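Note: the block below is entry-v3.cif and it holds mmCIF, C-alpha atoms.
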data_model
#
loop_
_atom_site.group_PDB
_atom_site.id
_atom_site.type_symbol
_atom_site.label_atom_id
_atom_site.label_comp_id
_atom_site.auth_asym_id
_atom_site.auth_seq_id
_atom_site.Cartn_x
_atom_site.Cartn_y
_atom_site.Cartn_z
ATOM 1 C CA MET S 1333 0.000 0.000 0.000
ATOM 2 C CA SER S 1334 3.042 2.282 0.182
ATOM 3 C CA ASP S 1335 2.525 3.800 -3.281
ATOM 4 C CA ILE S 1336 -0.954 5.153 -2.603
ATOM 5 C CA ARG S 1337 -0.195 6.139 0.986
ATOM 6 C CA SER S 1338 2.743 8.259 -0.153
ATOM 7 C CA LEU S 1339 0.242 10.356 -2.161
ATOM 8 C CA ILE S 1340 -2.254 11.002 0.641
ATOM 9 C CA GLY S 1341 -2.773 14.736 1.058
ATOM 10 C CA ARG S 1342 -0.564 15.574 -1.931
ATOM 11 C CA GLU S 1343 -1.675 16.884 -5.311
ATOM 12 C CA ALA S 1344 -0.363 14.744 -8.162
ATOM 13 C CA ASP S 1345 -1.205 14.073 -11.789
ATOM 14 C CA ILE S 1346 -4.109 11.660 -12.259
ATOM 15 C CA PRO S 1347 -2.147 8.951 -14.135
ATOM 16 C CA ARG S 1348 0.248 8.689 -11.194
ATOM 17 C CA VAL S 1349 -2.670 8.329 -8.756
ATOM 18 C CA VAL S 1350 -4.451 5.686 -10.827
ATOM 19 C CA ARG S 1351 -1.274 3.684 -11.366
ATOM 20 C CA ALA S 1352 -0.674 3.724 -7.600
ATOM 21 C CA ILE S 1353 -4.209 2.438 -7.038
ATOM 22 C CA ARG S 1354 -3.663 -0.302 -9.601
ATOM 23 C CA ILE S 1355 -0.386 -1.364 -7.990
ATOM 24 C CA CYS S 1356 -2.102 -1.549 -4.581
ATOM 25 C CA ALA S 1357 -4.865 -3.722 -6.048
ATOM 26 C CA GLU S 1358 -2.385 -5.978 -7.823
ATOM 27 C CA GLU S 1359 -0.356 -6.456 -4.630
ATOM 28 C CA ILE S 1360 -3.360 -8.083 -2.929
ATOM 29 C CA ASP S 1361 -3.007 -11.823 -3.467
ATOM 30 C CA VAL S 1362 -6.394 -12.658 -5.003
ATOM 31 C CA SER S 1363 -7.532 -14.127 -8.322
ATOM 32 C CA ALA S 1364 -10.075 -11.541 -9.495
ATOM 33 C CA ALA S 1365 -10.890 -7.835 -9.383
ATOM 34 C CA GLY S 1366 -13.831 -5.458 -9.604
ATOM 35 C CA GLY S 1367 -14.145 -1.698 -9.909
ATOM 36 C CA TYR S 1368 -16.608 1.004 -8.922
ATOM 37 C CA HIS S 1369 -16.224 4.740 -9.644
ATOM 38 C CA ILE S 1370 -18.294 7.499 -8.034
ATOM 39 C CA THR S 1371 -18.124 10.943 -9.651
ATOM 40 C CA CYS S 1372 -20.069 14.154 -9.996
ATOM 41 C CA SER S 1373 -22.200 14.528 -13.137
ATOM 42 C CA ASP S 1374 -20.158 17.620 -14.098
ATOM 43 C CA GLU S 1375 -18.612 17.251 -17.544
ATOM 44 C CA SER S 1376 -15.307 18.469 -16.105
ATOM 45 C CA GLU S 1377 -14.902 15.015 -14.517
ATOM 46 C CA TRP S 1378 -14.401 13.290 -17.884
ATOM 47 C CA GLU S 1379 -10.624 13.190 -17.396
ATOM 48 C CA SER S 1380 -10.881 11.426 -14.062
ATOM 49 C CA ALA S 1381 -13.333 8.867 -15.459
ATOM 50 C CA GLU S 1382 -11.397 8.295 -18.686
ATOM 51 C CA LEU S 1383 -8.053 7.765 -16.966
ATOM 52 C CA PHE S 1384 -9.511 5.398 -14.369
ATOM 53 C CA ASP S 1385 -11.004 3.414 -17.238
ATOM 54 C CA ARG S 1386 -7.828 3.331 -19.343
ATOM 55 C CA LEU S 1387 -5.200 2.876 -16.633
ATOM 56 C CA PHE S 1388 -7.147 0.709 -14.199
ATOM 57 C CA ALA S 1389 -10.214 -0.958 -15.711
ATOM 58 C CA GLN S 1390 -8.674 -1.976 -19.029
ATOM 59 C CA GLN S 1391 -5.580 -3.291 -17.262
ATOM 60 C CA VAL S 1392 -7.140 -5.187 -14.359
ATOM 61 C CA LEU S 1393 -10.854 -5.966 -14.752
ATOM 62 C CA PRO S 1394 -12.491 -8.894 -16.566
ATOM 63 C CA ARG S 1395 -13.800 -8.287 -20.095
ATOM 64 C CA LEU S 1396 -17.468 -7.290 -20.251
ATOM 65 C CA LYS S 1397 -18.105 -7.363 -24.033
ATOM 66 C CA MET S 1398 -16.344 -6.524 -27.296
ATOM 67 C CA ASP S 1399 -13.085 -7.214 -25.461
ATOM 68 C CA ARG S 1400 -13.612 -4.203 -23.196
ATOM 69 C CA ALA S 1401 -13.665 -3.965 -19.417
ATOM 70 C CA ALA S 1402 -15.843 -1.517 -17.498
ATOM 71 C CA VAL S 1403 -16.265 -0.242 -13.958
ATOM 72 C CA PHE S 1404 -19.608 0.099 -12.218
ATOM 73 C CA ARG S 1405 -20.465 3.827 -12.235
ATOM 74 C CA THR S 1406 -22.396 6.316 -10.116
ATOM 75 C CA MET S 1407 -22.709 9.841 -11.533
ATOM 76 C CA ASN S 1408 -24.840 12.451 -9.800
ATOM 77 C CA LEU S 1409 -24.672 16.004 -8.472
ATOM 78 C CA GLY S 1410 -21.888 16.253 -5.924
ATOM 79 C CA GLY S 1411 -20.644 12.676 -6.397
ATOM 80 C CA ARG S 1412 -22.991 11.225 -3.762
ATOM 81 C CA TYR S 1413 -22.801 7.560 -2.836
ATOM 82 C CA GLU S 1414 -26.150 5.826 -3.336
ATOM 83 C CA THR S 1415 -27.070 3.323 -0.632
ATOM 84 C CA GLY S 1416 -26.989 -0.251 -1.888
ATOM 85 C CA ALA S 1417 -24.767 0.462 -4.890
ATOM 86 C CA ILE S 1418 -21.673 -1.260 -3.488
ATOM 87 C CA HIS S 1419 -23.591 -4.511 -3.016
ATOM 88 C CA ILE S 1420 -24.837 -4.464 -6.621
ATOM 89 C CA ALA S 1421 -21.369 -3.624 -7.928
ATOM 90 C CA GLU S 1422 -19.723 -6.334 -5.822
ATOM 91 C CA GLU S 1423 -22.248 -8.922 -6.989
ATOM 92 C CA HIS S 1424 -21.524 -8.054 -10.635
ATOM 93 C CA PHE S 1425 -17.844 -8.843 -10.151
ATOM 94 C CA ALA S 1426 -18.430 -12.000 -8.070
ATOM 95 C CA THR S 1427 -17.121 -14.148 -10.926
ATOM 96 C CA PHE S 1428 -16.369 -17.869 -10.896
ATOM 97 C CA ALA S 1429 -12.705 -17.104 -10.235
ATOM 98 C CA SER S 1430 -13.506 -14.856 -7.248
ATOM 99 C CA ARG S 1431 -15.777 -17.505 -5.718
ATOM 100 C CA GLN S 1432 -12.911 -19.992 -5.760
ATOM 101 C CA SER S 1433 -10.667 -17.741 -3.685
ATOM 102 C CA ALA S 1434 -11.315 -13.987 -3.353
ATOM 103 C CA LYS S 1435 -11.337 -10.719 -5.251
ATOM 104 C CA VAL S 1436 -10.249 -7.142 -4.702
ATOM 105 C CA MET S 1437 -12.969 -4.531 -5.199
ATOM 106 C CA VAL S 1438 -11.549 -1.072 -5.906
ATOM 107 C CA VAL S 1439 -13.923 1.791 -5.105
ATOM 108 C CA LYS S 1440 -12.671 5.200 -6.263
ATOM 109 C CA VAL S 1441 -14.699 8.054 -4.776
ATOM 110 C CA ASN S 1442 -14.200 11.385 -6.534
ATOM 111 C CA SER S 1443 -15.222 14.794 -5.333
ATOM 112 C CA HIS S 1444 -13.905 17.754 -7.340
ATOM 113 C CA VAL S 1445 -13.055 21.442 -7.245
ATOM 114 C CA GLY S 1446 -12.149 23.957 -9.926
ATOM 115 C CA LEU S 1447 -8.943 25.958 -9.849
ATOM 116 C CA ILE S 1448 -7.850 29.060 -11.678
ATOM 117 C CA ARG S 1449 -4.695 31.052 -11.037
ATOM 118 C CA ARG S 1450 -5.070 34.790 -11.223
ATOM 119 C CA GLU S 1451 -2.497 37.447 -10.306
ATOM 120 C CA GLY S 1452 -0.464 34.896 -8.374
ATOM 121 C CA ARG S 1453 -3.433 33.630 -6.373
ATOM 122 C CA PHE S 1454 -4.896 30.126 -6.336
ATOM 123 C CA LEU S 1455 -8.682 30.495 -6.629
ATOM 124 C CA TYR S 1456 -10.455 27.260 -5.735
ATOM 125 C CA GLY S 1457 -14.094 26.733 -6.641
ATOM 126 C CA THR S 1458 -13.999 28.349 -10.084
ATOM 127 C CA LEU S 1459 -13.244 26.878 -13.511
ATOM 128 C CA LYS S 1460 -12.846 28.728 -16.807
ATOM 129 C CA ARG S 1461 -15.618 26.870 -18.639
ATOM 130 C CA TYR S 1462 -16.345 27.625 -22.305
ATOM 131 C CA GLY S 1463 -14.717 31.042 -21.839
ATOM 132 C CA ASN S 1464 -16.591 32.006 -18.662
ATOM 133 C CA ASP S 1465 -15.844 31.753 -14.956
ATOM 134 C CA SER S 1466 -18.039 28.931 -13.653
ATOM 135 C CA ALA S 1467 -18.680 27.392 -10.223
ATOM 136 C CA CYS S 1468 -16.976 24.009 -9.930
ATOM 137 C CA CYS S 1469 -18.154 21.809 -8.259
ATOM 138 C CA GLY S 1470 -21.483 23.573 -8.764
ATOM 139 C CA ALA S 1471 -23.284 21.243 -6.347
ATOM 140 C CA LEU S 1472 -20.769 21.839 -3.554
ATOM 141 C CA VAL S 1473 -20.737 25.598 -4.165
ATOM 142 C CA SER S 1474 -24.544 25.474 -3.970
ATOM 143 C CA LEU S 1475 -24.223 23.557 -0.712
ATOM 144 C CA ASN S 1476 -22.314 26.450 0.818
ATOM 145 C CA SER S 1477 -24.746 29.037 -0.564
ATOM 146 C CA GLY S 1478 -27.879 27.344 0.795
ATOM 147 C CA SER S 1479 -29.515 26.015 -2.395
ATOM 148 C CA ASP S 1480 -32.810 24.133 -2.075
ATOM 149 C CA LEU S 1481 -31.865 21.412 -4.608
ATOM 150 C CA GLN S 1482 -32.715 17.906 -3.396
ATOM 151 C CA ALA S 1483 -29.150 16.779 -4.050
ATOM 152 C CA VAL S 1484 -27.850 19.660 -1.945
ATOM 153 C CA ALA S 1485 -30.199 18.713 0.896
ATOM 154 C CA GLU S 1486 -28.769 15.189 0.826
ATOM 155 C CA LEU S 1487 -25.221 16.548 0.887
ATOM 156 C CA ALA S 1488 -26.081 18.845 3.797
ATOM 157 C CA GLU S 1489 -27.392 15.868 5.773
ATOM 158 C CA GLN S 1490 -24.163 13.979 5.159
ATOM 159 C CA PHE S 1491 -22.078 16.988 6.212
ATOM 160 C CA SER S 1492 -23.721 16.776 9.642
ATOM 161 C CA ALA S 1493 -22.749 13.114 10.166
ATOM 162 C CA ASP S 1494 -21.918 12.207 13.772
ATOM 163 C CA GLY S 1495 -23.605 15.429 14.929
ATOM 164 C CA HIS S 1496 -20.711 17.520 13.576
ATOM 165 C CA ASP S 1497 -21.895 20.725 11.867
ATOM 166 C CA ARG S 1498 -19.162 20.898 9.246
ATOM 167 C CA LEU S 1499 -21.078 23.319 7.021
ATOM 168 C CA SER S 1500 -21.198 26.018 9.674
ATOM 169 C CA GLU S 1501 -17.457 25.683 10.117
ATOM 170 C CA LEU S 1502 -16.793 25.849 6.382
ATOM 171 C CA GLN S 1503 -18.994 28.939 6.032
ATOM 172 C CA ASP S 1504 -17.423 30.822 8.949
ATOM 173 C CA GLU S 1505 -14.819 33.190 7.464
ATOM 174 C CA GLU S 1506 -13.110 33.547 10.841
ATOM 175 C CA LEU S 1507 -12.485 29.804 10.936
ATOM 176 C CA ILE S 1508 -11.770 29.020 7.278
ATOM 177 C CA SER S 1509 -10.551 31.407 4.595
ATOM 178 C CA PRO S 1510 -13.040 31.854 1.720
ATOM 179 C CA ASP S 1511 -10.070 31.188 -0.598
ATOM 180 C CA TYR S 1512 -10.066 27.566 0.553
ATOM 181 C CA ARG S 1513 -13.751 26.973 1.317
ATOM 182 C CA ALA S 1514 -14.568 25.172 -1.950
ATOM 183 C CA LEU S 1515 -11.400 23.087 -1.748
ATOM 184 C CA LEU S 1516 -11.980 21.933 1.818
ATOM 185 C CA THR S 1517 -15.655 21.279 1.100
ATOM 186 C CA ALA S 1518 -14.558 18.901 -1.653
ATOM 187 C CA VAL S 1519 -12.062 17.165 0.652
ATOM 188 C CA VAL S 1520 -14.684 16.687 3.363
ATOM 189 C CA ASN S 1521 -17.198 15.440 0.805
ATOM 190 C CA ALA S 1522 -14.816 12.814 -0.588
ATOM 191 C CA ARG S 1523 -14.084 11.488 2.890
ATOM 192 C CA LEU S 1524 -17.773 11.451 3.911
ATOM 193 C CA GLN S 1525 -18.853 9.632 0.742
ATOM 194 C CA ALA S 1526 -16.137 7.011 1.341
ATOM 195 C CA ASP S 1527 -17.432 6.638 4.892
ATOM 196 C CA ARG S 1528 -20.904 5.966 3.494
ATOM 197 C CA VAL S 1529 -19.522 3.206 1.260
ATOM 198 C CA LEU S 1530 -17.906 1.630 4.312
ATOM 199 C CA GLU S 1531 -21.111 1.899 6.353
ATOM 200 C CA ASP S 1532 -22.989 0.139 3.567
ATOM 201 C CA ILE S 1533 -20.398 -2.625 3.285
ATOM 202 C CA ARG S 1534 -20.930 -3.318 6.992
ATOM 203 C CA THR S 1535 -24.627 -4.088 6.416
ATOM 204 C CA LYS S 1536 -24.130 -7.214 4.302
ATOM 205 C CA MET S 1537 -21.376 -9.713 3.641
ATOM 206 C CA PRO S 1538 -20.272 -9.862 -0.014
ATOM 207 C CA GLU S 1539 -21.385 -12.470 -2.538
ATOM 208 C CA SER S 1540 -17.828 -13.788 -2.739
ATOM 209 C CA PRO S 1541 -14.849 -13.195 -0.418
ATOM 210 C CA THR S 1542 -13.650 -9.657 -1.062
ATOM 211 C CA VAL S 1543 -10.988 -7.179 -0.065
ATOM 212 C CA PHE S 1544 -12.427 -3.685 -0.586
ATOM 213 C CA LEU S 1545 -10.012 -0.878 -1.383
ATOM 214 C CA ILE S 1546 -11.837 2.464 -1.000
ATOM 215 C CA ILE S 1547 -9.920 5.529 -2.216
ATOM 216 C CA PRO S 1548 -11.515 8.973 -1.696
ATOM 217 C CA CYS S 1549 -9.962 11.606 -3.980
ATOM 218 C CA VAL S 1550 -10.478 15.211 -5.032
ATOM 219 C CA THR S 1551 -10.014 16.100 -8.686
ATOM 220 C CA ILE S 1552 -8.390 19.504 -9.181
ATOM 221 C CA ASN S 1553 -10.123 20.663 -12.388
ATOM 222 C CA ARG S 1554 -7.877 23.062 -14.313
ATOM 223 C CA ASN S 1555 -7.601 24.532 -17.804
ATOM 224 C CA GLU S 1556 -4.704 22.159 -18.325
ATOM 225 C CA PRO S 1557 -4.475 18.438 -17.470
ATOM 226 C CA ASP S 1558 -6.320 17.840 -14.191
ATOM 227 C CA ASN S 1559 -4.550 16.781 -11.033
ATOM 228 C CA GLU S 1560 -5.861 14.799 -8.100
ATOM 229 C CA LEU S 1561 -5.435 14.778 -4.339
ATOM 230 C CA VAL S 1562 -5.782 11.446 -2.515
ATOM 231 C CA VAL S 1563 -7.724 11.986 0.717
ATOM 232 C CA GLY S 1564 -7.172 8.546 2.212
ATOM 233 C CA GLU S 1565 -7.335 4.803 1.799
ATOM 234 C CA TYR S 1566 -9.678 2.273 3.415
ATOM 235 C CA GLY S 1567 -8.755 -1.389 3.374
ATOM 236 C CA VAL S 1568 -11.688 -3.653 4.246
ATOM 237 C CA ASP S 1569 -10.980 -7.384 4.465
ATOM 238 C CA ALA S 1570 -14.255 -9.267 4.001
ATOM 239 C CA THR S 1571 -12.719 -12.634 3.162
ATOM 240 C CA GLY S 1572 -13.627 -14.195 6.510
ATOM 241 C CA SER S 1573 -16.591 -14.225 8.873
ATOM 242 C CA GLU S 1574 -15.898 -10.704 10.180
ATOM 243 C CA LEU S 1575 -14.826 -7.418 8.597
ATOM 244 C CA ASN S 1576 -11.325 -6.132 9.259
ATOM 245 C CA VAL S 1577 -11.190 -2.387 8.563
ATOM 246 C CA LYS S 1578 -8.114 -0.168 8.404
ATOM 247 C CA TYR S 1579 -7.912 3.487 7.378
ATOM 248 C CA HIS S 1580 -4.974 5.724 6.545
ATOM 249 C CA GLY S 1581 -5.571 9.342 5.602
ATOM 250 C CA LEU S 1582 -7.169 12.662 6.374
ATOM 251 C CA GLY S 1583 -10.109 13.012 8.717
ATOM 252 C CA SER S 1584 -13.393 14.782 7.978
ATOM 253 C CA ASN S 1585 -12.925 17.798 10.276
ATOM 254 C CA PRO S 1586 -12.254 20.871 8.096
ATOM 255 C CA LEU S 1587 -10.896 22.842 11.051
ATOM 256 C CA GLU S 1588 -7.986 20.424 11.396
ATOM 257 C CA TYR S 1589 -6.736 20.706 7.813
ATOM 258 C CA ARG S 1590 -3.430 22.464 7.265
ATOM 259 C CA ILE S 1591 -2.795 23.745 3.732
ATOM 260 C CA GLU S 1592 0.496 24.375 1.970
ATOM 261 C CA ILE S 1593 1.343 25.170 -1.630
ATOM 262 C CA ASP S 1594 4.686 23.562 -2.441
ATOM 263 C CA ARG S 1595 6.138 24.493 -5.843
ATOM 264 C CA GLY S 1596 2.651 25.094 -7.191
ATOM 265 C CA LEU S 1597 1.177 21.859 -5.834
ATOM 266 C CA LEU S 1598 -1.253 21.478 -2.968
ATOM 267 C CA LYS S 1599 -0.443 19.659 0.254
ATOM 268 C CA ILE S 1600 -2.970 19.022 3.049
ATOM 269 C CA THR S 1601 -2.260 17.476 6.438
ATOM 270 C CA ASP S 1602 -4.169 17.185 9.688
ATOM 271 C CA ASP S 1603 -3.677 15.669 13.141
ATOM 272 C CA GLN S 1604 -4.919 12.320 11.832
ATOM 273 C CA TYR S 1605 -2.460 12.208 8.934
ATOM 274 C CA ALA S 1606 0.451 14.569 9.473
#
Entire entry expressed as structure tokens:
Amino acid sequence: MSDIRSLIGREADIPRVVRAIRICAEEIDVSAAGGYHITCSDESEWESAELFDRLFAQQVLPRLKMDRAAVFRTMNLGGRYETGAIHIAEEHFATFASRQSAKVMVVKVNSHVGLIRREGRFLYGTLKRYGNDSACCGALVSLNSGSDLQAVAELAEQFSADGHDRLSELQDEELISPDYRALLTAVVNARLQADRVLEDIRTKMPESPTVFLIIPCVTINRNEPDNELVVGEYGVDATGSELNVKYHGLGSNPLEYRIEIDRGLLKITDDQYA
């Protein structure tokens, strides 16, 4: 797992992130693999989806048809995990080979944030889209502005998980700089959606013995090749009668995040993952 863990909290190009995920999956000694990708509906996420397909799915997953592999997909506003989806995805990849031993199920959870650089400043939450400044991720920006969209209401509920009012903290300019509000909202969202996948896994044992690898990430959408920040890594061993869960990465408390820009690239740490 060292390759992916070395990227936690550090902005890197997407191919490097996906290759690290693939190496982690390949290091797990099982005979089969499955894949599930959760993204926002925003068209700016095409790079993340395309690279995960080309550098992970086509290299690792079984062929679906016409000699092509494919991941199970969820696309919706804000990249929200849909309850029950992991069980359907896992069942799809419960092949004959996986039933004889075990499989690894890679779940890549993507939140995203736009970035433009203007007069030496890094402006998160905005993307130059079709020649205009545009909110990105629009759903997460709407979350912070109090939209009444149903998707935003669902996100708001998730942001209060464990009785922690993360939205109030993100919206308080004395606690968090507006320059980083959209960025940290995306980081929190990625972690919370990964937590929801884990919670769902706990409700039902898989169809065939499975090691789940859950990787929450934030795509940095730019007017150049996108980058990605790995938020953390869950390893869930469901090959026996009980789940064995381990997590390495950032927490979901926005007040604990520490931000640095190192040679133009983002670095985030907190007390959980310094």
- Task: Show which residues sit within 8 Å of segment 1586-1593 of chain S, as a PyMOL selection string. Count only C-alpha atoms, and ignore same-chain residues fewer than 5 positions away.
- Result: chain S and resi 1498+1501-1502+1507-1508+1516-1517+1520+1598-1603
Starting from the shown file, work through the PyMOL selection byres ((chain S and resi 1373) around 9) and note down what comes out as a PDB file with C-alpha atoms, in the coordinates of the input.
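Saved to expr-v1.pdb:
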ATOM      1  CA  THR S1371     -18.124  10.943  -9.651  1.00  0.00           C
ATOM      2  CA  CYS S1372     -20.069  14.154  -9.996  1.00  0.00           C
ATOM      3  CA  ASP S1374     -20.158  17.620 -14.098  1.00  0.00           C
ATOM      4  CA  GLU S1375     -18.612  17.251 -17.544  1.00  0.00           C
ATOM      5  CA  SER S1376     -15.307  18.469 -16.105  1.00  0.00           C
ATOM      6  CA  GLU S1377     -14.902  15.015 -14.517  1.00  0.00           C
ATOM      7  CA  THR S1406     -22.396   6.316 -10.116  1.00  0.00           C
ATOM      8  CA  MET S1407     -22.709   9.841 -11.533  1.00  0.00           C
ATOM      9  CA  ASN S1408     -24.840  12.451  -9.800  1.00  0.00           C
ATOM     10  CA  LEU S1409     -24.672  16.004  -8.472  1.00  0.00           C
ATOM     11  CA  GLY S1410     -21.888  16.253  -5.924  1.00  0.00           C
ATOM     12  CA  GLY S1411     -20.644  12.676  -6.397  1.00  0.00           C
TER      13      GLY S1411
END
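Matched in the shown structure by the PyMOL selection byres ((chain S and resi 1543) around 6): Val1436, Thr1542, Phe1544, Val1568, Asp1569 and Ala1570 of chain S.
A straight line drawn from atom CA of Ile1420 of chain S to atom CA of Ala1526 of chain S is 16.5 Å long.
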- Query: Pick the closest to Glu1565 of chain S from S:Arg1386, S:Lys1440, S:Arg1513, S:Lys1536: which is it, counting only C-alpha atoms?
  - Reply: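 Going through S:Arg1386, S:Lys1440, S:Arg1513, S:Lys1536 one by one, the smallest distance to Glu1565 of chain S is for S:Lys1440.
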- Item | Pick from S:Arg1523, S:Asn1553, S:Val1439, S:Arg1412, whichever lies nearest to Cys1468 of chain S using all atoms listed in the file |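 Checking each candidate against Cys1468 of chain S, we get S:Asn1553 as the closest.
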- Item | Hits of the PyMOL selection byres ((chain S and resi 1368) around 9) in this structure, as a PyMOL selection string | chain S and resi 1366-1367+1369-1370+1402-1406+1418+1421-1422+1437-1441
- Task: Find, counting all atoms listed in the file, the residue in S:Leu1530, S:Ala1364, S:Cys1356, S:Leu1396 that gets nearest to His1419 of chain S.
- Result: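 For His1419 of chain S, the nearest of the candidates is S:Leu1530.
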- Task: Mind listing whatever residues come within 8 Å of the point (-5.3, 19.9, -4.1)? Use all atoms listed in the file, file coordinates, and give them as JSON, numbers by chain.
- Result: {"S": [1341, 1342, 1343, 1515, 1550, 1551, 1552, 1559, 1560, 1561, 1597, 1598, 1599, 1600]}
- Message: Could you check the closest approach to Gly1583 of chain S for each of S:Ser1540, S:Ala1401, S:Ile1340, S:Leu1545 and tell me which residue wins, using all atoms listed in the file?
- Response: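 Looking at the shortest contact to Gly1583 of chain S, the residue is S:Ile1340.
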- Message: Residues near Tyr1579 of chain S, anyone? I mean within 8 Å using only C-alpha atoms, not counting same-chain ones fewer than 2 positions away, as a ChimeraX atom specification.
- Response: /S:1564-1567,1577,1581
Residues just named, written with C-alpha atoms as a compact mmCIF listing (two decimals), in the frame of the given file:
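The result, stored in out01.txt:
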# COMPACT_ATOMS: atom_id res chain seq x y z
CA GLY S 1564 -7.17 8.55 2.21
CA GLU S 1565 -7.34 4.80 1.80
CA TYR S 1566 -9.68 2.27 3.42
CA GLY S 1567 -8.76 -1.39 3.37
CA VAL S 1577 -11.19 -2.39 8.56
CA GLY S 1581 -5.57 9.34 5.60
- Message: Using all atoms listed in the file, list the residues that have an atom at most 10 Å from (-5.9, 0.0, -13.4), coordinates as in the file, as number ranges by chain.
- Response: S: 1347, 1350-1358, 1367, 1383-1393, 1438
- Residue contacts of segment 1447-1449 of chain S (9 Å, all atoms listed in the file) excluding same-chain residues fewer than 2 positions away, as a ChimeraX atom specification: /S:1445,1451-1460,1468,1515,1552-1555
Print the selection's residues with C-alpha atoms to a file, as a CSV table (one decimal), in the coordinates of the input.
chain,number,residue,atom,x,y,z
S,1445,VAL,CA,-13.1,21.4,-7.2
S,1451,GLU,CA,-2.5,37.4,-10.3
S,1452,GLY,CA,-0.5,34.9,-8.4
S,1453,ARG,CA,-3.4,33.6,-6.4
S,1454,PHE,CA,-4.9,30.1,-6.3
S,1455,LEU,CA,-8.7,30.5,-6.6
S,1456,TYR,CA,-10.5,27.3,-5.7
S,1457,GLY,CA,-14.1,26.7,-6.6
S,1458,THR,CA,-14.0,28.3,-10.1
S,1459,LEU,CA,-13.2,26.9,-13.5
S,1460,LYS,CA,-12.8,28.7,-16.8
S,1468,CYS,CA,-17.0,24.0,-9.9
S,1515,LEU,CA,-11.4,23.1,-1.7
S,1552,ILE,CA,-8.4,19.5,-9.2
S,1553,ASN,CA,-10.1,20.7,-12.4
S,1554,ARG,CA,-7.9,23.1,-14.3
S,1555,ASN,CA,-7.6,24.5,-17.8
